[in-house]
>>> print(open('run_39.tsv').read())   # TSV, C-alpha atoms
chain	number	residue	atom	x	y	z
A	25	MET	CA	0.00	0.00	0.00
A	26	ALA	CA	1.29	3.47	-0.89
A	27	THR	CA	2.25	5.78	1.94
A	28	GLY	CA	0.34	9.01	2.35
A	29	SER	CA	2.93	11.18	0.62
A	30	GLU	CA	3.26	8.83	-2.35
A	31	ALA	CA	-0.50	8.57	-2.72
A	32	THR	CA	-0.98	12.35	-2.80
A	33	LYS	CA	1.97	13.15	-5.02
A	34	PRO	CA	0.20	12.62	-8.37
A	35	ALA	CA	-2.78	14.67	-7.15
A	36	GLU	CA	-0.47	17.53	-6.16
A	37	ALA	CA	1.21	17.39	-9.57
A	38	VAL	CA	-2.19	17.44	-11.28
A	39	LEU	CA	-3.35	20.46	-9.25
A	40	GLU	CA	-0.02	22.23	-9.77
A	41	TRP	CA	-0.97	22.49	-13.46
A	42	ASN	CA	-3.72	24.99	-12.58
A	43	LYS	CA	-1.04	27.36	-11.23
A	44	GLN	CA	0.99	27.15	-14.45
A	45	ASP	CA	-1.95	27.36	-16.84
A	46	ASN	CA	-3.24	30.68	-18.22
A	47	LYS	CA	-6.95	29.99	-17.95
A	48	ARG	CA	-9.37	32.65	-19.15
A	49	MET	CA	-13.16	32.98	-19.20
A	50	LEU	CA	-14.03	32.99	-22.93
A	51	HIS	CA	-17.81	33.18	-23.21
A	52	ALA	CA	-21.20	32.22	-21.78
A	53	VAL	CA	-23.56	30.24	-24.00
A	54	TYR	CA	-27.34	30.53	-23.85
A	55	ARG	CA	-30.42	30.21	-26.03
A	56	VAL	CA	-32.63	32.99	-27.36
A	57	GLY	CA	-35.94	32.97	-29.21
A	58	ASP	CA	-35.18	35.64	-31.84
A	59	LEU	CA	-31.53	36.26	-32.67
A	60	ASP	CA	-31.96	39.55	-34.56
A	61	ARG	CA	-34.13	40.97	-31.77
A	62	THR	CA	-31.47	40.17	-29.14
A	63	ILE	CA	-28.60	41.48	-31.29
A	64	LYS	CA	-30.50	44.74	-31.78
A	65	TYR	CA	-31.19	45.00	-28.02
A	66	TYR	CA	-27.60	44.30	-26.92
A	67	THR	CA	-26.02	46.64	-29.47
A	68	GLU	CA	-28.49	49.54	-29.07
A	69	CYS	CA	-29.35	49.30	-25.35
A	70	PHE	CA	-26.08	47.98	-23.90
A	71	GLY	CA	-23.60	49.26	-26.48
A	72	MET	CA	-22.15	45.83	-27.27
A	73	LYS	CA	-20.61	44.93	-30.62
A	74	LEU	CA	-21.67	42.02	-32.79
A	75	LEU	CA	-18.35	40.15	-33.03
A	76	ARG	CA	-19.30	37.30	-35.35
A	77	LYS	CA	-22.23	35.21	-36.51
A	78	ARG	CA	-22.40	31.69	-37.92
A	79	ASP	CA	-25.29	29.73	-39.33
A	80	VAL	CA	-25.19	25.93	-39.16
A	81	PRO	CA	-28.17	24.83	-41.30
A	82	ASP	CA	-27.29	21.12	-41.06
A	83	GLU	CA	-27.78	21.31	-37.30
A	84	LYS	CA	-30.61	23.86	-37.60
A	85	TYR	CA	-29.10	26.61	-35.42
A	86	THR	CA	-27.41	30.01	-35.66
A	87	ASN	CA	-24.85	31.49	-33.23
A	88	ALA	CA	-24.00	35.12	-32.62
A	89	PHE	CA	-21.16	36.37	-30.42
A	90	LEU	CA	-21.46	39.77	-28.74
A	91	GLY	CA	-19.27	41.69	-26.33
A	92	PHE	CA	-17.36	44.89	-25.66
A	93	GLY	CA	-13.99	43.88	-27.09
A	94	PRO	CA	-12.33	41.30	-29.35
A	95	GLU	CA	-12.71	37.64	-28.36
A	96	THR	CA	-8.91	37.30	-28.35
A	97	THR	CA	-8.84	39.34	-25.12
A	98	ASN	CA	-12.42	39.85	-23.89
A	99	PHE	CA	-15.35	37.81	-22.62
A	100	ALA	CA	-18.29	37.35	-25.01
A	101	LEU	CA	-21.90	36.20	-24.94
A	102	GLU	CA	-22.61	33.37	-27.37
A	103	LEU	CA	-26.29	33.41	-28.30
A	104	THR	CA	-27.82	30.31	-29.83
A	105	TYR	CA	-30.97	30.39	-31.92
A	106	ASN	CA	-32.45	26.96	-32.65
A	107	TYR	CA	-34.62	27.04	-35.78
A	108	GLY	CA	-38.29	27.32	-34.88
A	109	VAL	CA	-37.86	27.61	-31.10
A	110	ASP	CA	-38.97	31.03	-29.89
A	111	LYS	CA	-39.23	30.52	-26.13
A	112	TYR	CA	-37.17	29.01	-23.30
A	113	ASP	CA	-37.49	28.50	-19.57
A	114	ILE	CA	-34.69	30.34	-17.72
A	115	GLY	CA	-35.37	28.42	-14.49
A	116	GLU	CA	-34.48	29.61	-10.98
A	117	GLY	CA	-30.78	28.76	-10.82
A	118	PHE	CA	-29.40	31.22	-13.37
A	119	GLY	CA	-29.08	34.68	-11.84
A	120	HIS	CA	-27.75	37.34	-14.18
A	121	PHE	CA	-24.95	38.67	-16.33
A	122	ALA	CA	-23.42	42.02	-15.38
A	123	ILE	CA	-22.19	45.08	-17.25
A	124	ALA	CA	-19.84	47.63	-15.67
A	125	ASN	CA	-20.36	51.20	-16.82
A	126	GLU	CA	-19.08	54.60	-15.75
A	127	ASP	CA	-22.61	56.07	-15.54
A	128	VAL	CA	-25.38	53.62	-14.69
A	129	TYR	CA	-28.03	56.39	-14.52
A	130	LYS	CA	-27.26	57.38	-18.11
A	131	LEU	CA	-27.08	53.75	-19.27
A	132	ALA	CA	-30.49	52.99	-17.73
A	133	GLU	CA	-31.98	56.07	-19.42
A	134	ASN	CA	-30.57	54.93	-22.75
A	135	ILE	CA	-32.03	51.44	-22.29
A	136	LYS	CA	-35.46	52.91	-21.53
A	137	SER	CA	-35.29	55.34	-24.45
A	138	LYS	CA	-34.67	52.40	-26.81
A	139	GLY	CA	-37.69	50.53	-25.44
A	140	GLY	CA	-35.71	48.31	-23.07
A	141	LYS	CA	-36.88	47.24	-19.63
A	142	ILE	CA	-35.32	48.37	-16.34
A	143	THR	CA	-36.49	46.13	-13.49
A	144	ARG	CA	-34.59	48.01	-10.75
A	145	GLU	CA	-33.95	51.71	-11.08
A	146	PRO	CA	-30.37	52.96	-10.59
A	147	GLY	CA	-29.32	53.71	-7.02
A	148	PRO	CA	-26.94	52.58	-4.30
A	149	VAL	CA	-26.95	48.88	-3.44
A	150	LYS	CA	-28.73	48.10	-0.14
A	151	GLY	CA	-26.31	48.65	2.72
A	152	GLY	CA	-23.57	50.00	0.43
A	153	SER	CA	-22.53	52.81	-1.88
A	154	THR	CA	-22.06	51.10	-5.26
A	155	VAL	CA	-24.67	52.31	-7.74
A	156	ILE	CA	-26.45	49.46	-9.53
A	157	ALA	CA	-29.53	48.85	-11.66
A	158	PHE	CA	-31.08	45.83	-13.34
A	159	ALA	CA	-32.22	45.48	-16.95
A	160	GLN	CA	-34.10	42.61	-18.55
A	161	ASP	CA	-33.58	41.50	-22.13
A	162	PRO	CA	-36.39	40.34	-24.49
A	163	ASP	CA	-35.99	36.67	-23.43
A	164	GLY	CA	-36.10	37.50	-19.71
A	165	TYR	CA	-32.37	37.29	-18.94
A	166	LEU	CA	-31.36	39.79	-16.26
A	167	PHE	CA	-28.34	42.09	-16.53
A	168	GLU	CA	-27.00	43.85	-13.47
A	169	LEU	CA	-25.60	47.28	-14.36
A	170	ILE	CA	-22.74	48.21	-12.03
A	171	GLN	CA	-21.24	51.69	-11.81
A	172	ARG	CA	-17.48	51.34	-12.07
A	173	ALA	CA	-14.62	53.48	-13.36
A	174	GLU	CA	-13.24	52.55	-16.77
A	175	THR	CA	-12.50	48.84	-17.03
A	176	PRO	CA	-10.87	46.59	-19.66
A	177	GLU	CA	-13.81	44.18	-19.24
A	178	PRO	CA	-17.29	45.71	-19.03
A	179	LEU	CA	-18.95	42.27	-19.31
A	180	CYS	CA	-17.99	41.50	-15.76
A	181	GLN	CA	-20.11	38.75	-14.15
A	182	VAL	CA	-21.99	35.51	-14.63
A	183	MET	CA	-24.13	34.87	-11.55
A	184	LEU	CA	-25.33	31.35	-10.72
A	185	ARG	CA	-27.10	30.06	-7.61
A	186	VAL	CA	-25.60	27.12	-5.72
A	187	GLY	CA	-26.73	24.84	-2.89
A	188	ASP	CA	-23.51	24.68	-0.87
A	189	LEU	CA	-21.21	27.68	-1.22
A	190	GLU	CA	-18.16	26.21	0.53
A	191	ARG	CA	-18.32	23.12	-1.66
A	192	SER	CA	-18.62	25.26	-4.82
A	193	ILE	CA	-15.71	27.51	-3.84
A	194	LYS	CA	-13.50	24.47	-3.23
A	195	PHE	CA	-14.63	22.93	-6.50
A	196	TYR	CA	-13.80	25.97	-8.66
A	197	GLU	CA	-10.48	26.50	-6.89
A	198	LYS	CA	-9.46	22.87	-7.34
A	199	ALA	CA	-11.05	22.01	-10.70
A	200	LEU	CA	-10.29	25.28	-12.51
A	201	GLY	CA	-7.64	27.05	-10.45
A	202	MET	CA	-9.91	30.04	-9.82
A	203	LYS	CA	-9.11	32.43	-7.00
A	204	LEU	CA	-11.67	33.39	-4.37
A	205	LEU	CA	-11.64	37.17	-4.88
A	206	ARG	CA	-14.32	38.16	-2.39
A	207	LYS	CA	-16.96	36.67	-0.17
A	208	LYS	CA	-19.82	38.57	1.40
A	209	ASP	CA	-22.52	37.40	3.77
A	210	VAL	CA	-25.75	39.43	3.86
A	211	PRO	CA	-27.69	38.00	6.83
A	212	ASP	CA	-30.42	40.66	6.62
A	213	TYR	CA	-31.40	39.28	3.22
A	214	LYS	CA	-30.36	35.68	4.00
A	215	TYR	CA	-27.76	35.13	1.30
A	216	THR	CA	-24.00	34.83	0.82
A	217	ILE	CA	-22.07	35.53	-2.38
A	218	ALA	CA	-18.61	34.52	-3.54
A	219	MET	CA	-16.72	36.04	-6.47
A	220	LEU	CA	-14.27	33.73	-8.24
A	221	GLY	CA	-12.01	34.43	-11.19
A	222	TYR	CA	-8.52	34.73	-12.63
A	223	ALA	CA	-7.78	38.42	-12.01
A	224	ASP	CA	-9.11	41.33	-9.93
A	225	GLU	CA	-12.85	41.82	-10.04
A	226	ASP	CA	-12.67	45.21	-11.76
A	227	LYS	CA	-10.39	43.90	-14.53
A	228	THR	CA	-12.01	40.65	-15.59
A	229	THR	CA	-15.16	38.55	-15.86
A	230	VAL	CA	-15.92	36.75	-12.62
A	231	LEU	CA	-18.20	33.91	-11.64
A	232	GLU	CA	-20.53	35.12	-8.90
A	233	LEU	CA	-21.95	32.24	-6.88
A	234	THR	CA	-24.95	32.95	-4.66
A	235	TYR	CA	-26.12	30.83	-1.75
A	236	ASN	CA	-29.59	31.55	-0.37
A	237	TYR	CA	-29.93	30.35	3.23
A	238	GLY	CA	-31.50	26.91	3.43
A	239	ARG	CA	-31.91	26.47	-0.31
A	240	THR	CA	-30.01	23.53	-1.80
A	241	GLU	CA	-31.59	23.01	-5.23
A	242	TYR	CA	-32.79	25.10	-8.16
A	243	SER	CA	-34.54	24.33	-11.43
A	244	LYS	CA	-32.14	24.87	-14.34
A	245	GLY	CA	-34.63	25.47	-17.14
A	246	ASN	CA	-33.41	25.01	-20.72
A	247	ALA	CA	-32.22	28.52	-21.63
A	248	TYR	CA	-28.78	29.07	-20.07
A	249	ALA	CA	-26.23	26.46	-21.23
A	250	GLN	CA	-22.65	26.92	-19.99
A	251	VAL	CA	-19.48	28.97	-19.67
A	252	ALA	CA	-16.40	28.24	-21.76
A	253	ILE	CA	-12.92	28.59	-20.29
A	254	GLY	CA	-9.71	28.70	-22.31
A	255	THR	CA	-6.75	26.55	-21.23
A	256	ASN	CA	-3.26	25.79	-22.54
A	257	ASP	CA	-3.93	22.04	-22.24
A	258	VAL	CA	-7.39	20.47	-22.07
A	259	TYR	CA	-5.93	17.07	-21.14
A	260	LYS	CA	-4.07	18.33	-18.06
A	261	SER	CA	-6.97	20.59	-17.08
A	262	ALA	CA	-9.43	17.68	-17.33
A	263	GLU	CA	-7.26	15.69	-14.89
A	264	ALA	CA	-7.70	18.43	-12.28
A	265	VAL	CA	-11.45	18.49	-12.93
A	266	ASP	CA	-11.57	14.71	-12.55
A	267	LEU	CA	-9.88	14.95	-9.13
A	268	ALA	CA	-12.28	17.68	-8.00
A	269	THR	CA	-15.38	15.74	-9.11
A	270	LYS	CA	-14.24	12.64	-7.21
A	271	GLU	CA	-13.91	14.66	-4.02
A	272	LEU	CA	-16.69	17.22	-4.31
A	273	GLY	CA	-19.23	15.98	-6.88
A	274	GLY	CA	-20.05	16.88	-10.47
A	275	LYS	CA	-18.88	14.79	-13.40
A	276	ILE	CA	-16.98	14.88	-16.67
A	277	LEU	CA	-19.42	14.82	-19.59
A	278	ARG	CA	-16.95	14.75	-22.43
A	279	GLN	CA	-13.40	13.46	-22.15
A	280	PRO	CA	-10.75	15.77	-23.62
A	281	GLY	CA	-10.19	15.53	-27.36
A	282	PRO	CA	-10.74	17.26	-30.71
A	283	LEU	CA	-14.22	18.15	-31.92
A	284	PRO	CA	-15.13	16.38	-35.17
A	285	GLY	CA	-14.96	18.72	-38.16
A	286	ILE	CA	-13.15	21.68	-36.58
A	287	ASN	CA	-10.45	19.86	-34.54
A	288	THR	CA	-10.68	22.29	-31.63
A	289	LYS	CA	-9.76	20.34	-28.50
A	290	ILE	CA	-12.35	20.55	-25.72
A	291	ALA	CA	-13.53	18.79	-22.56
A	292	SER	CA	-16.77	19.40	-20.68
A	293	PHE	CA	-18.13	18.75	-17.21
A	294	VAL	CA	-20.80	19.75	-14.72
A	295	ASP	CA	-20.04	21.14	-11.27
A	296	PRO	CA	-21.64	19.72	-8.08
A	297	ASP	CA	-24.82	21.78	-8.75
A	298	GLY	CA	-25.08	20.65	-12.37
A	299	TRP	CA	-23.75	23.87	-13.96
A	300	LYS	CA	-21.90	23.06	-17.16
A	301	VAL	CA	-18.39	24.24	-18.07
A	302	VAL	CA	-16.52	23.62	-21.33
A	303	LEU	CA	-12.73	23.73	-21.41
A	304	VAL	CA	-11.35	24.90	-24.75
A	305	ASP	CA	-7.77	24.69	-26.03
A	306	HIS	CA	-6.79	28.35	-26.23
A	307	ALA	CA	-4.53	28.04	-29.30
A	308	ASP	CA	-7.29	26.15	-31.15
A	309	PHE	CA	-9.82	28.79	-30.11
A	310	LEU	CA	-7.63	31.59	-31.52
A	311	LYS	CA	-7.30	29.64	-34.81
A	312	GLU	CA	-11.11	29.44	-34.99
A	313	LEU	CA	-11.27	33.24	-34.74
A	314	GLN	CA	-8.93	33.83	-37.68
>>> encode(input="run_39.tsv", output="structure tokens")
Amino acid sequence: MATGSEATKPAEAVLEWNKQDNKRMLHAVYRVGDLDRTIKYYTECFGMKLLRKRDVPDEKYTNAFLGFGPETTNFALELTYNYGVDKYDIGEGFGHFAIANEDVYKLAENIKSKGGKITREPGPVKGGSTVIAFAQDPDGYLFELIQRAETPEPLCQVMLRVGDLERSIKFYEKALGMKLLRKKDVPDYKYTIAMLGYADEDKTTVLELTYNYGRTEYSKGNAYAQVAIGTNDVYKSAEAVDLATKELGGKILRQPGPLPGINTKIASFVDPDGWKVVLVDHADFLKELQ
């Protein structure tokens, strides 16, 4: 039988990879009922750019990528339109995306003037000074608008609800090498949030995980799909995910390897709450963009 140190050595080596890797949040993928309507809304109301669009008639779907900067450096939203499907159930687990802007009051006015919907008027967050607002897109997805000085990444959050925050924090640290950037408990409103990511919160896109006291499960719906994360090596990254799933839950859905047709190497898995993540070979991803 192996001694303790020998038994843990491979695991340490596997997790060490996360420290060497240059992981990056690439995009969030979700489904919309009318692609042109959403593109119009995001470009006119939010000021995003349409980065690229691809139609795949054989598979009966169209994708559009939108964001505030090029996909080589910035996070994007990948919208999927499935032919003939005009409505989806967002479920209770998905929370919101977030946009950082220097003037949330002005942004909210612009959204309203273009016929968009503001579900929470701009003003300081409860118990704090940060000015926020909430907007809702035509499919019902919520966008938190956060007042923040100029930032290299305005598309700054993906918020998901989880049933056990400590377990989720450990999972994302171990499986994906994310750093816990901030944790905040709000007992008055019975929730705790954790921000995880690969750089400071005001410079990057973070995963915001929310735990509501006493709530362990949420319906997922069929609208929000996954986040994609770039890695230098999907094989080594998948080993770390495999270790994390064995300890904390979740499972690998697709073993690492090239996608048929485009040869981009990917792996995919779900976390302990069932949220899906796709790992994408970063060099392959950049080739796809050319």
>>> residues_around(input="run_39.tsv", residues="Phe70 of chain A", least_positions_apart="6", cutoff="9 Å", atoms="only C-alpha atoms", output="number ranges by chain")
A: 123, 131, 134-135
>>> write_last_selection(input="run_39.tsv", atoms="C-alpha atoms", output="PDB file, in the coordinates of the input")
ATOM      1  CA  ILE A 123     -22.190  45.080 -17.250  1.00  0.00           C
ATOM      2  CA  LEU A 131     -27.080  53.750 -19.270  1.00  0.00           C
ATOM      3  CA  ASN A 134     -30.570  54.930 -22.750  1.00  0.00           C
ATOM      4  CA  ILE A 135     -32.030  51.440 -22.290  1.00  0.00           C
TER       5      ILE A 135
END
>>> atom_distance(input="run_39.tsv", atom1="atom CA of Lys64 of chain A", atom2="atom CA of Lys130 of chain A")
18.9 Å
>>> residues_near_point(input="run_39.tsv", point="(-1.5, 17.8, -10.3)", cutoff="10 Å", atoms="all atoms listed in the file", output="list in words")
Thr32, Lys33, Pro34, Ala35, Glu36, Ala37, Val38, Leu39, Glu40, Trp41, Asn42, Lys43, Lys198, Lys260, Ser261, Glu263, Ala264 and Leu267 of chain A
>>> write_last_selection(input="run_39.tsv", atoms="C-alpha atoms", output="PDB file, keeping the file's coordinate frame")
ATOM      1  CA  THR A  32      -0.980  12.350  -2.800  1.00  0.00           C
ATOM      2  CA  LYS A  33       1.970  13.150  -5.020  1.00  0.00           C
ATOM      3  CA  PRO A  34       0.200  12.620  -8.370  1.00  0.00           C
ATOM      4  CA  ALA A  35      -2.780  14.670  -7.150  1.00  0.00           C
ATOM      5  CA  GLU A  36      -0.470  17.530  -6.160  1.00  0.00           C
ATOM      6  CA  ALA A  37       1.210  17.390  -9.570  1.00  0.00           C
ATOM      7  CA  VAL A  38      -2.190  17.440 -11.280  1.00  0.00           C
ATOM      8  CA  LEU A  39      -3.350  20.460  -9.250  1.00  0.00           C
ATOM      9  CA  GLU A  40      -0.020  22.230  -9.770  1.00  0.00           C
ATOM     10  CA  TRP A  41      -0.970  22.490 -13.460  1.00  0.00           C
ATOM     11  CA  ASN A  42      -3.720  24.990 -12.580  1.00  0.00           C
ATOM     12  CA  LYS A  43      -1.040  27.360 -11.230  1.00  0.00           C
ATOM     13  CA  LYS A 198      -9.460  22.870  -7.340  1.00  0.00           C
ATOM     14  CA  LYS A 260      -4.070  18.330 -18.060  1.00  0.00           C
ATOM     15  CA  SER A 261      -6.970  20.590 -17.080  1.00  0.00           C
ATOM     16  CA  GLU A 263      -7.260  15.690 -14.890  1.00  0.00           C
ATOM     17  CA  ALA A 264      -7.700  18.430 -12.280  1.00  0.00           C
ATOM     18  CA  LEU A 267      -9.880  14.950  -9.130  1.00  0.00           C
TER      19      LEU A 267
END
>>> closest_residue(input="run_39.tsv", among="A:Ile290, A:Met219, A:Leu272, A:Leu50", to="Leu184 of chain A", atoms="all atoms listed in the file")
A:Met219
>>> residues_around(input="run_39.tsv", residues="segment 254-256 of chain A", least_positions_apart="4", cutoff="6 Å", atoms="only C-alpha atoms", output="PyMOL selection string")
chain A and resi 47-48+303-306
>>> residues_near_point(input="run_39.tsv", point="(-25.0, 31.8, -12.1)", cutoff="8 Å", atoms="all atoms listed in the file", output="PyMOL selection string")
chain A and resi 117-120+182-186+231-234
>>> atom_distance(input="run_39.tsv", atom1="atom CA of Arg55 of chain A", atom2="atom CA of Gln250 of chain A")
10.4 Å
>>> residues_around(input="run_39.tsv", residues="Lys136 of chain A", least_positions_apart="6", cutoff="10 Å", atoms="all atoms listed in the file", output="list in words")
Cys69, Lys130, Ile142 and Ala159 of chain A
>>> atom_distance(input="run_39.tsv", atom1="atom CA of Gly187 of chain A", atom2="atom CA of Leu220 of chain A")
16.2 Å
>>> closest_residue(input="run_39.tsv", among="A:Val301, A:Ala247, A:Val155, A:Leu75", to="Val56 of chain A", atoms="all atoms listed in the file")
A:Ala247
>>> closest_atom_pairs(input="run_39.tsv", of="segment 223-283 of chain A", to="segment 164-176 of chain A", cutoff="10 Å", atoms="only C-alpha atoms", output="tab-separated table")
residue	atom	partner	partner_atom	distance
A:Glu225	CA	A:Thr175	CA	9.9
A:Asp226	CA	A:Thr175	CA	6.4
A:Lys227	CA	A:Pro176	CA	5.8
A:Thr228	CA	A:Pro176	CA	7.3
A:Thr229	CA	A:Pro176	CA	9.9
A:Ala247	CA	A:Tyr165	CA	9.2
A:Tyr248	CA	A:Tyr165	CA	9.0
>>> closest_residue(input="run_39.tsv", among="A:Gly93, A:Gly140, A:Pro211, A:Gly57", to="Asn236 of chain A", atoms="all atoms listed in the file")
A:Pro211
>>> residues_around(input="run_39.tsv", residues="Asp58 of chain A", least_positions_apart="2", cutoff="12 Å", atoms="only C-alpha atoms", output="PyMOL selection string")
chain A and resi 55-56+60-65+85-88+103-112+161-163
>>> write_last_selection(input="run_39.tsv", atoms="C-alpha atoms", output="CSV table (one decimal), in the frame of the given file")
chain,number,residue,atom,x,y,z
A,55,ARG,CA,-30.4,30.2,-26.0
A,56,VAL,CA,-32.6,33.0,-27.4
A,60,ASP,CA,-32.0,39.6,-34.6
A,61,ARG,CA,-34.1,41.0,-31.8
A,62,THR,CA,-31.5,40.2,-29.1
A,63,ILE,CA,-28.6,41.5,-31.3
A,64,LYS,CA,-30.5,44.7,-31.8
A,65,TYR,CA,-31.2,45.0,-28.0
A,85,TYR,CA,-29.1,26.6,-35.4
A,86,THR,CA,-27.4,30.0,-35.7
A,87,ASN,CA,-24.8,31.5,-33.2
A,88,ALA,CA,-24.0,35.1,-32.6
A,103,LEU,CA,-26.3,33.4,-28.3
A,104,THR,CA,-27.8,30.3,-29.8
A,105,TYR,CA,-31.0,30.4,-31.9
A,106,ASN,CA,-32.4,27.0,-32.6
A,107,TYR,CA,-34.6,27.0,-35.8
A,108,GLY,CA,-38.3,27.3,-34.9
A,109,VAL,CA,-37.9,27.6,-31.1
A,110,ASP,CA,-39.0,31.0,-29.9
A,111,LYS,CA,-39.2,30.5,-26.1
A,112,TYR,CA,-37.2,29.0,-23.3
A,161,ASP,CA,-33.6,41.5,-22.1
A,162,PRO,CA,-36.4,40.3,-24.5
A,163,ASP,CA,-36.0,36.7,-23.4
>>> residues_around(input="run_39.tsv", residues="Gly147 of chain A", least_positions_apart="2", cutoff="7 Å", atoms="all atoms listed in the file", output="list of chain:residue names")
A:Glu145, A:Val149, A:Val155, A:Ile156, A:Ala157
>>> closest_residue(input="run_39.tsv", among="A:Met49, A:Ile276, A:Pro146, A:Gly285", to="Leu101 of chain A", atoms="only C-alpha atoms")
A:Met49
>>> closest_residue(input="run_39.tsv", among="A:Thr143, A:Thr269, A:Gln181, A:Gln44", to="Ala124 of chain A", atoms="only C-alpha atoms")
A:Gln181
